[in-house]
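Undergrad: mmCIF, C-alpha atoms, saved as start.cif, coming up:
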```
data_target
loop_
_atom_site.group_PDB
_atom_site.id
_atom_site.type_symbol
_atom_site.label_atom_id
_atom_site.label_comp_id
_atom_site.auth_asym_id
_atom_site.auth_seq_id
_atom_site.Cartn_x
_atom_site.Cartn_y
_atom_site.Cartn_z
ATOM 1 C CA MET A 1 14.347 -20.433 9.295
ATOM 2 C CA TYR A 2 12.146 -17.734 10.779
ATOM 3 C CA PHE A 3 10.919 -15.666 7.812
ATOM 4 C CA SER A 4 9.756 -16.540 4.317
ATOM 5 C CA VAL A 5 9.785 -13.394 2.181
ATOM 6 C CA ILE A 6 7.244 -13.665 -0.668
ATOM 7 C CA ILE A 7 7.634 -11.297 -3.608
ATOM 8 C CA PRO A 8 5.269 -11.329 -6.603
ATOM 9 C CA VAL A 9 6.848 -9.638 -9.606
ATOM 10 C CA TYR A 10 5.531 -8.658 -13.008
ATOM 11 C CA ASN A 11 7.910 -7.241 -15.634
ATOM 12 C CA ARG A 12 10.105 -5.509 -13.042
ATOM 13 C CA PRO A 13 13.507 -7.226 -12.832
ATOM 14 C CA ASP A 14 15.353 -3.953 -12.146
ATOM 15 C CA GLU A 15 13.129 -3.107 -9.188
ATOM 16 C CA LEU A 16 13.439 -6.653 -7.916
ATOM 17 C CA LYS A 17 17.226 -6.357 -7.993
ATOM 18 C CA GLU A 18 17.141 -3.338 -5.671
ATOM 19 C CA LEU A 19 14.878 -5.181 -3.244
ATOM 20 C CA LEU A 20 17.073 -8.294 -3.271
ATOM 21 C CA ASN A 21 20.146 -6.160 -2.632
ATOM 22 C CA SER A 22 18.466 -4.749 0.467
ATOM 23 C CA LEU A 23 17.656 -8.296 1.614
ATOM 24 C CA VAL A 24 21.271 -9.410 1.239
ATOM 25 C CA SER A 25 22.362 -6.705 3.686
ATOM 26 C CA GLN A 26 19.765 -7.496 6.386
ATOM 27 C CA SER A 27 21.111 -7.633 9.934
ATOM 28 C CA PHE A 28 18.866 -10.667 10.613
ATOM 29 C CA GLN A 29 19.616 -13.519 8.211
ATOM 30 C CA SER A 30 17.268 -16.363 9.146
ATOM 31 C CA PHE A 31 15.045 -16.092 6.084
ATOM 32 C CA GLU A 32 14.334 -17.425 2.615
ATOM 33 C CA VAL A 33 13.092 -15.501 -0.422
ATOM 34 C CA ILE A 34 10.386 -16.789 -2.746
ATOM 35 C CA VAL A 35 10.000 -14.819 -5.980
ATOM 36 C CA MET A 36 6.789 -15.491 -7.908
ATOM 37 C CA ASP A 37 7.187 -14.305 -11.508
ATOM 38 C CA ASP A 38 3.519 -13.858 -12.376
ATOM 39 C CA GLY A 39 3.431 -14.363 -16.143
ATOM 40 C CA SER A 40 5.963 -11.645 -16.961
ATOM 41 C CA SER A 41 7.070 -11.047 -20.547
ATOM 42 C CA ILE A 42 10.281 -9.583 -19.078
ATOM 43 C CA LYS A 43 11.545 -12.389 -16.870
ATOM 44 C CA SER A 44 13.545 -11.986 -13.664
ATOM 45 C CA GLU A 45 15.503 -15.227 -13.981
ATOM 46 C CA GLU A 46 18.823 -13.540 -14.795
ATOM 47 C CA THR A 47 18.400 -11.179 -11.866
ATOM 48 C CA ILE A 48 17.801 -14.138 -9.548
ATOM 49 C CA LYS A 49 21.031 -15.827 -10.692
ATOM 50 C CA GLU A 50 23.043 -12.854 -9.412
ATOM 51 C CA PHE A 51 21.872 -13.586 -5.874
ATOM 52 C CA GLN A 52 22.218 -17.367 -5.805
ATOM 53 C CA GLY A 53 24.632 -18.207 -3.017
ATOM 54 C CA GLN A 54 24.118 -14.864 -1.260
ATOM 55 C CA ILE A 55 20.638 -15.604 0.078
ATOM 56 C CA HIS A 56 18.370 -18.632 0.070
ATOM 57 C CA ILE A 57 16.162 -17.881 -2.921
ATOM 58 C CA ASN A 58 13.435 -19.816 -4.728
ATOM 59 C CA TYR A 59 12.315 -18.539 -8.136
ATOM 60 C CA GLN A 60 8.995 -19.654 -9.622
ATOM 61 C CA ASP A 61 7.835 -18.689 -13.120
ATOM 62 C CA GLN A 62 4.095 -19.192 -13.630
ATOM 63 C CA VAL A 63 1.191 -18.078 -15.802
ATOM 64 C CA ASN A 64 -0.380 -14.773 -14.825
ATOM 65 C CA GLN A 65 -2.946 -15.056 -12.043
ATOM 66 C CA GLY A 66 -2.820 -11.663 -10.345
ATOM 67 C CA GLN A 67 -0.635 -10.674 -7.429
ATOM 68 C CA GLY A 68 -2.990 -11.993 -4.720
ATOM 69 C CA PHE A 69 -2.953 -15.534 -6.089
ATOM 70 C CA ALA A 70 0.792 -15.317 -6.793
ATOM 71 C CA ARG A 71 1.279 -14.508 -3.106
ATOM 72 C CA ASN A 72 -0.843 -17.517 -2.169
ATOM 73 C CA ASP A 73 1.314 -19.815 -4.294
ATOM 74 C CA GLY A 74 4.400 -18.368 -2.646
ATOM 75 C CA MET A 75 3.024 -19.021 0.832
ATOM 76 C CA LYS A 76 2.258 -22.633 -0.131
ATOM 77 C CA LEU A 77 5.968 -23.097 -0.867
ATOM 78 C CA ALA A 78 7.167 -21.253 2.236
ATOM 79 C CA GLN A 79 9.247 -23.045 4.856
ATOM 80 C CA GLY A 80 9.479 -20.257 7.435
ATOM 81 C CA GLU A 81 7.332 -19.679 10.499
ATOM 82 C CA PHE A 82 6.260 -16.188 9.485
ATOM 83 C CA PHE A 83 5.505 -15.025 5.939
ATOM 84 C CA VAL A 84 6.506 -11.500 4.901
ATOM 85 C CA ILE A 85 4.760 -10.215 1.773
ATOM 86 C CA LEU A 86 6.448 -7.420 -0.177
ATOM 87 C CA ASP A 87 5.859 -5.669 -3.481
ATOM 88 C CA SER A 88 8.809 -5.639 -5.855
ATOM 89 C CA ASP A 89 9.076 -1.824 -5.806
ATOM 90 C CA VAL A 90 10.129 -1.524 -2.161
ATOM 91 C CA ILE A 91 13.583 -1.307 -0.570
ATOM 92 C CA LEU A 92 14.238 -2.467 2.994
ATOM 93 C CA PRO A 93 16.247 -0.660 5.677
ATOM 94 C CA LYS A 94 19.096 -2.800 6.981
ATOM 95 C CA ASN A 95 17.350 -3.692 10.261
ATOM 96 C CA TYR A 96 13.867 -4.323 8.803
ATOM 97 C CA LEU A 97 13.651 -8.056 9.552
ATOM 98 C CA GLU A 98 15.384 -7.730 12.908
ATOM 99 C CA ALA A 99 12.974 -5.013 14.068
ATOM 100 C CA LEU A 100 10.027 -7.017 12.773
ATOM 101 C CA LYS A 101 11.055 -10.200 14.621
ATOM 102 C CA ILE A 102 11.522 -8.334 17.905
ATOM 103 C CA THR A 103 8.094 -6.692 17.642
ATOM 104 C CA ILE A 104 6.289 -9.883 16.616
ATOM 105 C CA GLU A 105 7.630 -11.669 19.691
ATOM 106 C CA GLU A 106 7.180 -8.767 22.125
ATOM 107 C CA ARG A 107 3.567 -8.087 21.102
ATOM 108 C CA GLY A 108 2.541 -11.648 20.250
ATOM 109 C CA LEU A 109 1.461 -10.742 16.719
ATOM 110 C CA ASP A 110 -0.116 -13.183 14.293
ATOM 111 C CA ALA A 111 -0.031 -10.712 11.421
ATOM 112 C CA PHE A 112 1.361 -7.258 10.732
ATOM 113 C CA GLY A 113 1.393 -4.374 8.320
ATOM 114 C CA GLY A 114 4.186 -1.858 7.942
ATOM 115 C CA PRO A 115 4.281 1.752 6.742
ATOM 116 C CA ASP A 116 6.126 3.164 3.759
ATOM 117 C CA ALA A 117 8.494 6.089 3.428
ATOM 118 C CA ALA A 118 10.516 7.935 0.791
ATOM 119 C CA LYS A 119 14.276 7.549 0.654
ATOM 120 C CA GLU A 120 16.444 10.649 0.386
ATOM 121 C CA ASP A 121 17.525 9.865 -3.192
ATOM 122 C CA PHE A 122 13.952 9.476 -4.475
ATOM 123 C CA SER A 123 12.824 11.989 -7.106
ATOM 124 C CA PRO A 124 10.692 15.005 -6.088
ATOM 125 C CA LEU A 125 7.650 13.399 -7.739
ATOM 126 C CA GLN A 126 8.197 10.111 -5.890
ATOM 127 C CA LYS A 127 8.400 12.016 -2.608
ATOM 128 C CA ALA A 128 5.243 13.935 -3.479
ATOM 129 C CA MET A 129 3.425 10.686 -4.218
ATOM 130 C CA ASP A 130 4.690 9.311 -0.907
ATOM 131 C CA PHE A 131 3.243 12.361 0.828
ATOM 132 C CA ALA A 132 -0.121 11.976 -0.907
ATOM 133 C CA MET A 133 -0.319 8.336 0.187
ATOM 134 C CA THR A 134 0.675 8.871 3.822
ATOM 135 C CA SER A 135 -0.362 12.359 4.929
ATOM 136 C CA PHE A 136 -3.087 13.184 7.447
ATOM 137 C CA TRP A 137 -4.490 15.631 4.861
ATOM 138 C CA THR A 138 -5.127 12.937 2.238
ATOM 139 C CA THR A 139 -6.256 9.301 2.216
ATOM 140 C CA GLY A 140 -3.247 8.559 4.403
ATOM 141 C CA GLY A 141 -5.304 10.107 7.163
ATOM 142 C CA ILE A 142 -7.961 7.382 6.967
ATOM 143 C CA ARG A 143 -5.582 4.469 7.450
ATOM 144 C CA GLY A 144 -5.613 2.744 10.811
ATOM 145 C CA LYS A 145 -2.845 3.745 13.212
ATOM 146 C CA LEU A 146 -0.941 2.067 16.008
ATOM 147 C CA LYS A 147 -2.969 3.908 18.643
ATOM 148 C CA ASN A 148 -6.143 2.277 17.309
ATOM 149 C CA PRO A 149 -5.031 -1.233 16.239
ATOM 150 C CA ALA A 150 -8.569 -2.597 15.998
ATOM 151 C CA LYS A 151 -9.152 -0.455 12.899
ATOM 152 C CA TYR A 152 -5.792 -1.037 11.237
ATOM 153 C CA GLN A 153 -5.768 -2.719 7.826
ATOM 154 C CA ALA A 154 -2.465 -3.855 6.357
ATOM 155 C CA ARG A 155 -1.441 -3.027 2.795
ATOM 156 C CA GLY A 156 -0.051 -5.643 0.429
ATOM 157 C CA PHE A 157 3.201 -3.855 -0.356
ATOM 158 C CA ASN A 158 4.402 -4.518 3.220
ATOM 159 C CA MET A 159 2.499 -7.029 5.332
ATOM 160 C CA GLY A 160 2.791 -10.540 6.696
ATOM 161 C CA VAL A 161 1.093 -13.418 8.471
ATOM 162 C CA SER A 162 2.184 -16.347 10.589
ATOM 163 C CA ARG A 163 2.101 -19.856 9.193
ATOM 164 C CA LYS A 164 -0.810 -20.542 11.563
ATOM 165 C CA VAL A 165 -2.882 -17.731 10.031
ATOM 166 C CA PHE A 166 -2.334 -19.035 6.508
ATOM 167 C CA GLU A 167 -3.082 -22.633 7.465
ATOM 168 C CA THR A 168 -6.240 -21.570 9.323
ATOM 169 C CA ILE A 169 -7.920 -19.093 6.962
ATOM 170 C CA GLY A 170 -5.962 -19.502 3.735
ATOM 171 C CA GLY A 171 -4.676 -16.641 1.648
ATOM 172 C CA PHE A 172 -6.048 -13.920 -0.595
ATOM 173 C CA ILE A 173 -9.403 -14.578 -2.264
ATOM 174 C CA ASP A 174 -9.314 -11.766 -4.845
ATOM 175 C CA PRO A 175 -6.205 -11.302 -6.986
ATOM 176 C CA ASN A 176 -6.203 -7.534 -7.589
ATOM 177 C CA GLN A 177 -9.181 -5.712 -6.044
ATOM 178 C CA GLY A 178 -8.505 -4.641 -2.481
ATOM 179 C CA GLU A 179 -7.312 -8.114 -1.577
ATOM 180 C CA ASP A 180 -5.073 -6.836 1.214
ATOM 181 C CA ILE A 181 -7.933 -4.994 2.942
ATOM 182 C CA GLU A 182 -10.199 -8.033 2.650
ATOM 183 C CA TYR A 183 -7.451 -10.280 4.044
ATOM 184 C CA SER A 184 -6.893 -7.918 6.981
ATOM 185 C CA ILE A 185 -10.582 -7.977 7.881
ATOM 186 C CA ARG A 186 -10.732 -11.764 7.621
ATOM 187 C CA ILE A 187 -7.606 -12.184 9.768
ATOM 188 C CA ARG A 188 -9.125 -10.096 12.548
ATOM 189 C CA LYS A 189 -12.526 -11.821 12.297
ATOM 190 C CA ALA A 190 -10.755 -15.154 12.834
ATOM 191 C CA GLY A 191 -9.461 -13.869 16.169
ATOM 192 C CA PHE A 192 -5.844 -13.298 15.156
ATOM 193 C CA ARG A 193 -3.832 -10.301 16.289
ATOM 194 C CA LEU A 194 -3.014 -7.924 13.427
ATOM 195 C CA GLU A 195 -1.302 -4.622 14.161
ATOM 196 C CA LEU A 196 0.801 -1.935 12.572
ATOM 197 C CA VAL A 197 4.547 -2.317 13.182
ATOM 198 C CA GLU A 198 5.897 1.185 12.736
ATOM 199 C CA GLU A 199 9.514 0.010 12.954
ATOM 200 C CA ALA A 200 9.024 -2.286 9.935
ATOM 201 C CA TYR A 201 8.854 0.476 7.342
ATOM 202 C CA VAL A 202 9.941 0.159 3.735
ATOM 203 C CA TYR A 203 11.096 2.675 1.170
ATOM 204 C CA HIS A 204 8.353 2.538 -1.444
ATOM 205 C CA LYS A 205 9.919 3.412 -4.782
ATOM 206 C CA ARG A 206 6.777 4.093 -6.783
ATOM 207 C CA LYS A 207 7.512 4.211 -10.509
ATOM 208 C CA ASN A 208 4.216 5.910 -11.333
ATOM 209 C CA THR A 209 3.786 8.753 -13.729
ATOM 210 C CA LEU A 210 1.245 11.323 -12.573
ATOM 211 C CA ILE A 211 -1.336 9.750 -14.896
ATOM 212 C CA SER A 212 -0.749 6.213 -13.598
ATOM 213 C CA PHE A 213 -0.818 7.569 -10.042
ATOM 214 C CA VAL A 214 -4.284 9.016 -10.680
ATOM 215 C CA LYS A 215 -5.439 5.706 -12.182
ATOM 216 C CA GLN A 216 -4.123 3.925 -9.105
ATOM 217 C CA GLY A 217 -6.063 6.273 -6.827
ATOM 218 C CA PHE A 218 -9.211 5.606 -8.849
ATOM 219 C CA SER A 219 -8.650 1.856 -8.444
ATOM 220 C CA PHE A 220 -8.174 2.234 -4.686
ATOM 221 C CA GLY A 221 -11.559 3.951 -4.429
ATOM 222 C CA ARG A 222 -13.202 1.181 -6.424
ATOM 223 C CA ASN A 223 -11.481 -1.457 -4.317
ATOM 224 C CA ARG A 224 -13.073 -0.168 -1.116
ATOM 225 C CA ILE A 225 -16.497 -0.938 -2.606
ATOM 226 C CA ASN A 226 -15.263 -4.260 -4.000
ATOM 227 C CA VAL A 227 -14.199 -5.382 -0.521
ATOM 228 C CA SER A 228 -17.742 -4.734 0.725
ATOM 229 C CA ARG A 229 -18.875 -7.705 -1.400
ATOM 230 C CA PHE A 230 -17.249 -9.888 1.248
ATOM 231 C CA HIS A 231 -17.472 -7.562 4.242
ATOM 232 C CA PRO A 232 -20.316 -4.985 4.117
ATOM 233 C CA GLU A 233 -18.901 -3.298 7.216
ATOM 234 C CA ALA A 234 -15.697 -2.458 5.307
ATOM 235 C CA ILE A 235 -17.136 0.907 4.260
ATOM 236 C CA LYS A 236 -17.058 3.402 7.117
ATOM 237 C CA THR A 237 -18.098 7.048 7.092
ATOM 238 C CA VAL A 238 -14.447 8.073 6.977
ATOM 239 C CA HIS A 239 -13.989 6.308 3.628
ATOM 240 C CA LEU A 240 -16.536 8.670 2.083
ATOM 241 C CA LEU A 241 -14.418 11.746 2.837
ATOM 242 C CA PRO A 242 -12.507 11.702 -0.489
ATOM 243 C CA SER A 243 -15.837 11.583 -2.343
ATOM 244 C CA LEU A 244 -17.129 14.499 -0.258
ATOM 245 C CA PHE A 245 -13.922 16.364 -1.081
ATOM 246 C CA LEU A 246 -14.554 15.790 -4.790
ATOM 247 C CA VAL A 247 -18.157 16.983 -4.481
ATOM 248 C CA PHE A 248 -16.941 20.044 -2.576
ATOM 249 C CA CYS A 249 -14.492 20.920 -5.359
ATOM 250 C CA ILE A 250 -17.198 20.551 -8.002
ATOM 251 C CA SER A 251 -19.530 22.723 -5.927
ATOM 252 C CA ILE A 252 -16.948 25.525 -6.015
ATOM 253 C CA ILE A 253 -17.420 25.773 -9.775
ATOM 254 C CA ILE A 254 -21.195 25.832 -9.385
ATOM 255 C CA SER A 255 -21.035 28.459 -6.617
ATOM 256 C CA GLY A 256 -18.960 30.687 -8.875
ATOM 257 C CA LEU A 257 -21.896 30.862 -11.248
ATOM 258 C CA PHE A 258 -24.506 31.815 -8.661
ATOM 259 C CA SER A 259 -22.995 33.220 -5.453
ATOM 260 C CA PHE A 260 -19.684 35.045 -5.197
ATOM 261 C CA GLN A 261 -19.782 35.033 -1.376
ATOM 262 C CA ILE A 262 -20.167 31.260 -1.145
ATOM 263 C CA PHE A 263 -17.555 30.861 -3.882
ATOM 264 C CA LEU A 264 -15.098 33.035 -1.933
ATOM 265 C CA LEU A 265 -15.698 31.068 1.270
ATOM 266 C CA GLN A 266 -15.159 27.735 -0.446
ATOM 267 C CA ILE A 267 -12.028 28.935 -2.215
ATOM 268 C CA SER A 268 -10.659 30.138 1.123
ATOM 269 C CA ILE A 269 -11.246 26.713 2.712
ATOM 270 C CA LEU A 270 -9.536 24.977 -0.203
ATOM 271 C CA ALA A 271 -6.642 27.447 -0.052
ATOM 272 C CA ILE A 272 -6.105 26.654 3.645
ATOM 273 C CA TRP A 273 -5.982 22.948 2.789
ATOM 274 C CA PHE A 274 -3.457 23.595 0.016
ATOM 275 C CA LEU A 275 -1.356 25.725 2.370
ATOM 276 C CA ALA A 276 -1.318 22.950 4.992
ATOM 277 C CA ILE A 277 -0.214 20.465 2.311
ATOM 278 C CA PHE A 278 2.555 22.750 1.073
ATOM 279 C CA ILE A 279 3.941 23.570 4.526
ATOM 280 C CA GLN A 280 3.896 19.996 5.825
ATOM 281 C CA SER A 281 5.364 18.480 2.660
ATOM 282 C CA SER A 282 8.072 21.122 2.253
ATOM 283 C CA TYR A 283 9.075 20.645 5.887
ATOM 284 C CA ARG A 284 9.018 16.837 5.778
ATOM 285 C CA TYR A 285 11.185 16.537 2.682
ATOM 286 C CA LYS A 286 13.139 19.788 3.108
ATOM 287 C CA SER A 287 12.171 20.843 -0.414
ATOM 288 C CA ILE A 288 9.877 23.569 -1.718
ATOM 289 C CA LEU A 289 9.742 21.740 -5.051
ATOM 290 C CA VAL A 290 8.358 18.633 -3.363
ATOM 291 C CA GLY A 291 5.887 20.911 -1.595
ATOM 292 C CA PHE A 292 4.592 22.181 -4.940
ATOM 293 C CA TYR A 293 4.428 18.696 -6.407
ATOM 294 C CA SER A 294 2.541 17.515 -3.324
ATOM 295 C CA LEU A 295 -0.226 20.013 -4.054
ATOM 296 C CA ILE A 296 -0.798 18.254 -7.362
ATOM 297 C CA THR A 297 -0.454 14.669 -6.137
ATOM 298 C CA SER A 298 -2.587 15.216 -3.029
ATOM 299 C CA PHE A 299 -5.410 16.918 -4.934
ATOM 300 C CA ALA A 300 -5.297 14.314 -7.706
ATOM 301 C CA GLN A 301 -5.141 11.383 -5.306
ATOM 302 C CA LEU A 302 -8.125 12.493 -3.214
ATOM 303 C CA CYS A 303 -10.284 13.291 -6.230
ATOM 304 C CA ALA A 304 -9.359 10.056 -8.023
ATOM 305 C CA TYR A 305 -10.083 7.941 -4.942
ATOM 306 C CA GLY A 306 -13.378 9.729 -4.381
ATOM 307 C CA LEU A 307 -14.406 9.320 -8.024
ATOM 308 C CA GLY A 308 -13.474 5.634 -7.999
ATOM 309 C CA LEU A 309 -15.569 5.023 -4.899
ATOM 310 C CA ILE A 310 -18.601 6.831 -6.360
ATOM 311 C CA PHE A 311 -18.197 5.050 -9.705
ATOM 312 C CA GLU A 312 -18.060 1.588 -8.161
ATOM 313 C CA MET A 313 -20.884 2.345 -5.731
ATOM 314 C CA ILE A 314 -23.191 3.373 -8.603
ATOM 315 C CA ARG A 315 -22.072 0.339 -10.591
ATOM 316 C CA LYS A 316 -22.829 -1.936 -7.653
ATOM 317 C CA ILE A 317 -26.308 -0.430 -7.220
ATOM 318 C CA PHE A 318 -27.217 -0.951 -10.884
ATOM 319 C CA LYS A 319 -25.839 -4.496 -10.826
ATOM 320 C CA GLY A 320 -28.096 -5.195 -7.855
#
```
Could I get this file's structure written as C-alpha cells?
TA:
Amino acid sequence: MYFSVIIPVYNRPDELKELLNSLVSQSFQSFEVIVMDDGSSIKSEETIKEFQGQIHINYQDQVNQGQGFARNDGMKLAQGEFFVILDSDVILPKNYLEALKITIEERGLDAFGGPDAAKEDFSPLQKAMDFAMTSFWTTGGIRGKLKNPAKYQARGFNMGVSRKVFETIGGFIDPNQGEDIEYSIRIRKAGFRLELVEEAYVYHKRKNTLISFVKQGFSFGRNRINVSRFHPEAIKTVHLLPSLFLVFCISIIISGLFSFQIFLLQISILAIWFLAIFIQSSYRYKSILVGFYSLITSFAQLCAYGLGLIFEMIRKIFKG
C-alpha cells in the first residue's frame, strides 16, 4: 500500500467518525488507517467497528503520552511508503489522497504539509476561526507559502513524511509543544524536501469555544519559544509581529490618557485593520455575520499568540 494514515485521537469518537467517513470515499484507495487512542476516557473502539471491512484499519488503545508520541507509535506500526498524519477534527475532500500522491511524485517530496479550509456547512464561528488561522492579516500571514518553500513549516493537523524520513531522523521529540514546527525544521536540516501541497487541503472542523480558541492561540505563542530550545533560529522577526500588535493595542489605552492626537492616529490604524478583516472575511465566506465574528477571532488570536510568546520568552529568560 502507498499511504499509512496516522490519526491520534483523544475523547473524540464523533469527530473521528466524520474523518473515517471521508476516508472511505477517497478516490485513491491504496492506504491503511492507524488510529492511536491516546488514553481516552471516551473510547473510539465502537466507532472503529463500524468501518471494519470498508477500509484497512488498525486501532490501538494506549496510555496517554501526548499526540506527538502517539503519532510516533502509529508510524512504527505503519506498512505504507508514505505516512500521512491527521488530527481527528479534520474532514478530507474526496480527492485528497489522489492529489497528494500525484504531487509527491511530480515534485519528489520527502515530506509535506497541507492547508486547512472551512466547509460550507461549518458554523459562522468555525468559519471565523478558520479565517483567523489562515488570513494574511493574522498569524496566517506568517506561515510559509508555496512560493517560498524553504521557510514553510508543516502543521500537525495535516502533514506527512516518507518512510525514509522517519527511519532516518525518527519522529516527534516533544509530545505537545510545537512538535510539528520542530519536526519540520529537523526534516529540512537533514536534507529532505518538505513543501506545502496546496491541493492537499483539509476541512478543519475546530470544535473550539471562543475561550478555548484564545487559550490555543496563547499556547501557539508559547510553542514558538519552546521550539527554540532545539532550534534557536526558529524565532524570526516576523514571529514577533503578534506581540508588537499586542503592545500597540495596549499603547492605544496609554495614549488616550496623554495625547488625543496620537490616540486618534492609532485608533484610525486599528480601524483600517478591522475594516480589512471584515471585508475580506465577509467576501470569502459570503456572510456579514462571519465578517463580524472574524473581527473578534482575529483580534483575540493575534493578542493571545503575542501574549503567549512574551510570557514564554520571559519565563525562559528567568529560567536561564
Undergrad: Convert the output of the PyMOL selection byres ((chain A and resi 309) around 7) on the shown file into explicit residues, formatted as a PDB file with C-alpha atoms, keeping the file's coordinate frame.
TA:
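Heads up, here's the output in result18.pdb:
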```pdb
ATOM      1  CA  GLY A 221     -11.559   3.951  -4.429  1.00  0.00           C
ATOM      2  CA  ARG A 222     -13.202   1.181  -6.424  1.00  0.00           C
ATOM      3  CA  ARG A 224     -13.073  -0.168  -1.116  1.00  0.00           C
ATOM      4  CA  ILE A 225     -16.497  -0.938  -2.606  1.00  0.00           C
ATOM      5  CA  TYR A 305     -10.083   7.941  -4.942  1.00  0.00           C
ATOM      6  CA  GLY A 306     -13.378   9.729  -4.381  1.00  0.00           C
ATOM      7  CA  LEU A 307     -14.406   9.320  -8.024  1.00  0.00           C
ATOM      8  CA  GLY A 308     -13.474   5.634  -7.999  1.00  0.00           C
ATOM      9  CA  ILE A 310     -18.601   6.831  -6.360  1.00  0.00           C
ATOM     10  CA  PHE A 311     -18.197   5.050  -9.705  1.00  0.00           C
ATOM     11  CA  GLU A 312     -18.060   1.588  -8.161  1.00  0.00           C
ATOM     12  CA  MET A 313     -20.884   2.345  -5.731  1.00  0.00           C
TER      13      MET A 313
END
```
Undergrad: Write out as JSON lines the residues of stretch 142-208 of chain A that have any atom within 8 Å of an atom of stretch 72-81 of chain A, one row each with the nearest atom pair and its distance in Å to one decimal, counting only C-alpha atoms, sorted by chain and then rising number.
TA:
```
{"residue": "A:Ser162", "atom": "CA", "partner": "A:Glu81", "partner_atom": "CA", "distance": 6.1}
{"residue": "A:Arg163", "atom": "CA", "partner": "A:Glu81", "partner_atom": "CA", "distance": 5.4}
{"residue": "A:Phe166", "atom": "CA", "partner": "A:Met75", "partner_atom": "CA", "distance": 7.8}
{"residue": "A:Gly171", "atom": "CA", "partner": "A:Asn72", "partner_atom": "CA", "distance": 5.5}
{"residue": "A:Phe172", "atom": "CA", "partner": "A:Asn72", "partner_atom": "CA", "distance": 6.5}
```
Undergrad: Suppose a student applies the PyMOL selection byres ((chain A and resi 244) around 12) to this structure; what residues should they get, written as a list in words?
TA: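 On this input, the PyMOL selection byres ((chain A and resi 244) around 12) captures Thr237, Val238, His239, Leu240, Leu241, Pro242, Ser243, Phe245, Leu246, Val247, Phe248, Cys249, Ile250, Ser251, Leu302, Cys303, Ala304, Tyr305, Gly306, Leu307, Leu309 and Ile310 of chain A.
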Undergrad: Record the distance separating atom CA of A:Ile211 and atom CA of A:Asp14, expressed in Å with one decimal.
TA: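 That distance, rounded to one decimal, is 21.8 Å.
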Undergrad: Using the chain letters and numbering of this document, enumerate as a PyMOL selection string the residues selected by the PyMOL selection byres ((chain A and resi 34-51) around 8).
TA: chain A and resi 4-14+16-17+20+32-33+52-55+57-67+70-71+73-74+77-78
Undergrad: A:Val84, A:Ile317, A:Ala190, A:Ile252: which is nearest A:Thr168, counting all atoms listed in the file?
TA: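 Counting all atoms listed in the file, the residue closest to A:Thr168 is A:Ala190.
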Undergrad: Which residue, A:Leu125, A:Arg186, A:Phe112, A:Ser298, has the smallest gap to A:Phe274 when you use all atoms listed in the file?
TA: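 Of A:Leu125, A:Arg186, A:Phe112, A:Ser298, the one nearest A:Phe274, counting all atoms listed in the file, is A:Ser298.
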Undergrad: Using only C-alpha atoms, which of A:Gly113, A:Leu100, A:Lys205, A:Glu179 sits nearest A:Phe69?
TA: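 Checking each of A:Gly113, A:Leu100, A:Lys205, A:Glu179 against A:Phe69, counting only C-alpha atoms, the winner is A:Glu179.
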Undergrad: Restricting the calculation to all atoms listed in the file, which member of A:Phe157, A:Phe278, A:Phe3, A:Tyr201 is positioned closest to A:Ser294?
TA: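 Comparing A:Phe157, A:Phe278, A:Phe3, A:Tyr201 against A:Ser294, the winner is A:Phe278.
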Undergrad: Nearest to A:Gly178 among A:Ala128, A:Met133, A:Met1, A:Ala234, with distances taken over all atoms listed in the file: which residue is it?
TA: A:Ala234
Undergrad: May I ask which of the residues A:Gly108, A:Pro232, A:Pro124, A:Pro93 is the closest one to A:Val24, counting only C-alpha atoms?
TA: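 The shortest atom-to-atom distance to A:Val24 comes from A:Pro93.
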Undergrad: Would you list the residues near (9.8, -0.4, 8.9) (no more than 12 Å away, in the coordinates of the file, using all atoms listed in the file) as JSON, numbers by chain?
TA: {"A": [86, 90, 91, 92, 93, 94, 95, 96, 97, 98, 99, 100, 101, 103, 112, 113, 114, 115, 116, 117, 118, 157, 158, 159, 196, 197, 198, 199, 200, 201, 202, 203, 204]}
Undergrad: Between atom CA of A:Glu15 and atom CA of A:Gly156, what is the distance, to one decimal in Å?
TA: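 So the two atoms, atom CA of A:Glu15 and atom CA of A:Gly156, lie 16.5 Å apart.
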Undergrad: Within 10 Å of A:Gln280, counting all atoms listed in the file, which residues show up once you throw out same-chain ones fewer than 2 positions away? Write them as an NGL selection string, please.
TA: :A and (131 or 135-137 or 275-278 or 282-286 or 291 or 294)
Undergrad: So that I have them on file, write out the residues from the current selection with C-alpha atoms, as an mmCIF file, in the frame of the given file.
TA:
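See part-v9.cif below for the written result:
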```cif
data_model
loop_
_atom_site.group_PDB
_atom_site.id
_atom_site.type_symbol
_atom_site.label_atom_id
_atom_site.label_comp_id
_atom_site.auth_asym_id
_atom_site.auth_seq_id
_atom_site.Cartn_x
_atom_site.Cartn_y
_atom_site.Cartn_z
ATOM 1 C CA PHE A 131 3.243 12.361 0.828
ATOM 2 C CA SER A 135 -0.362 12.359 4.929
ATOM 3 C CA PHE A 136 -3.087 13.184 7.447
ATOM 4 C CA TRP A 137 -4.490 15.631 4.861
ATOM 5 C CA LEU A 275 -1.356 25.725 2.370
ATOM 6 C CA ALA A 276 -1.318 22.950 4.992
ATOM 7 C CA ILE A 277 -0.214 20.465 2.311
ATOM 8 C CA PHE A 278 2.555 22.750 1.073
ATOM 9 C CA SER A 282 8.072 21.122 2.253
ATOM 10 C CA TYR A 283 9.075 20.645 5.887
ATOM 11 C CA ARG A 284 9.018 16.837 5.778
ATOM 12 C CA TYR A 285 11.185 16.537 2.682
ATOM 13 C CA LYS A 286 13.139 19.788 3.108
ATOM 14 C CA GLY A 291 5.887 20.911 -1.595
ATOM 15 C CA SER A 294 2.541 17.515 -3.324
#
```
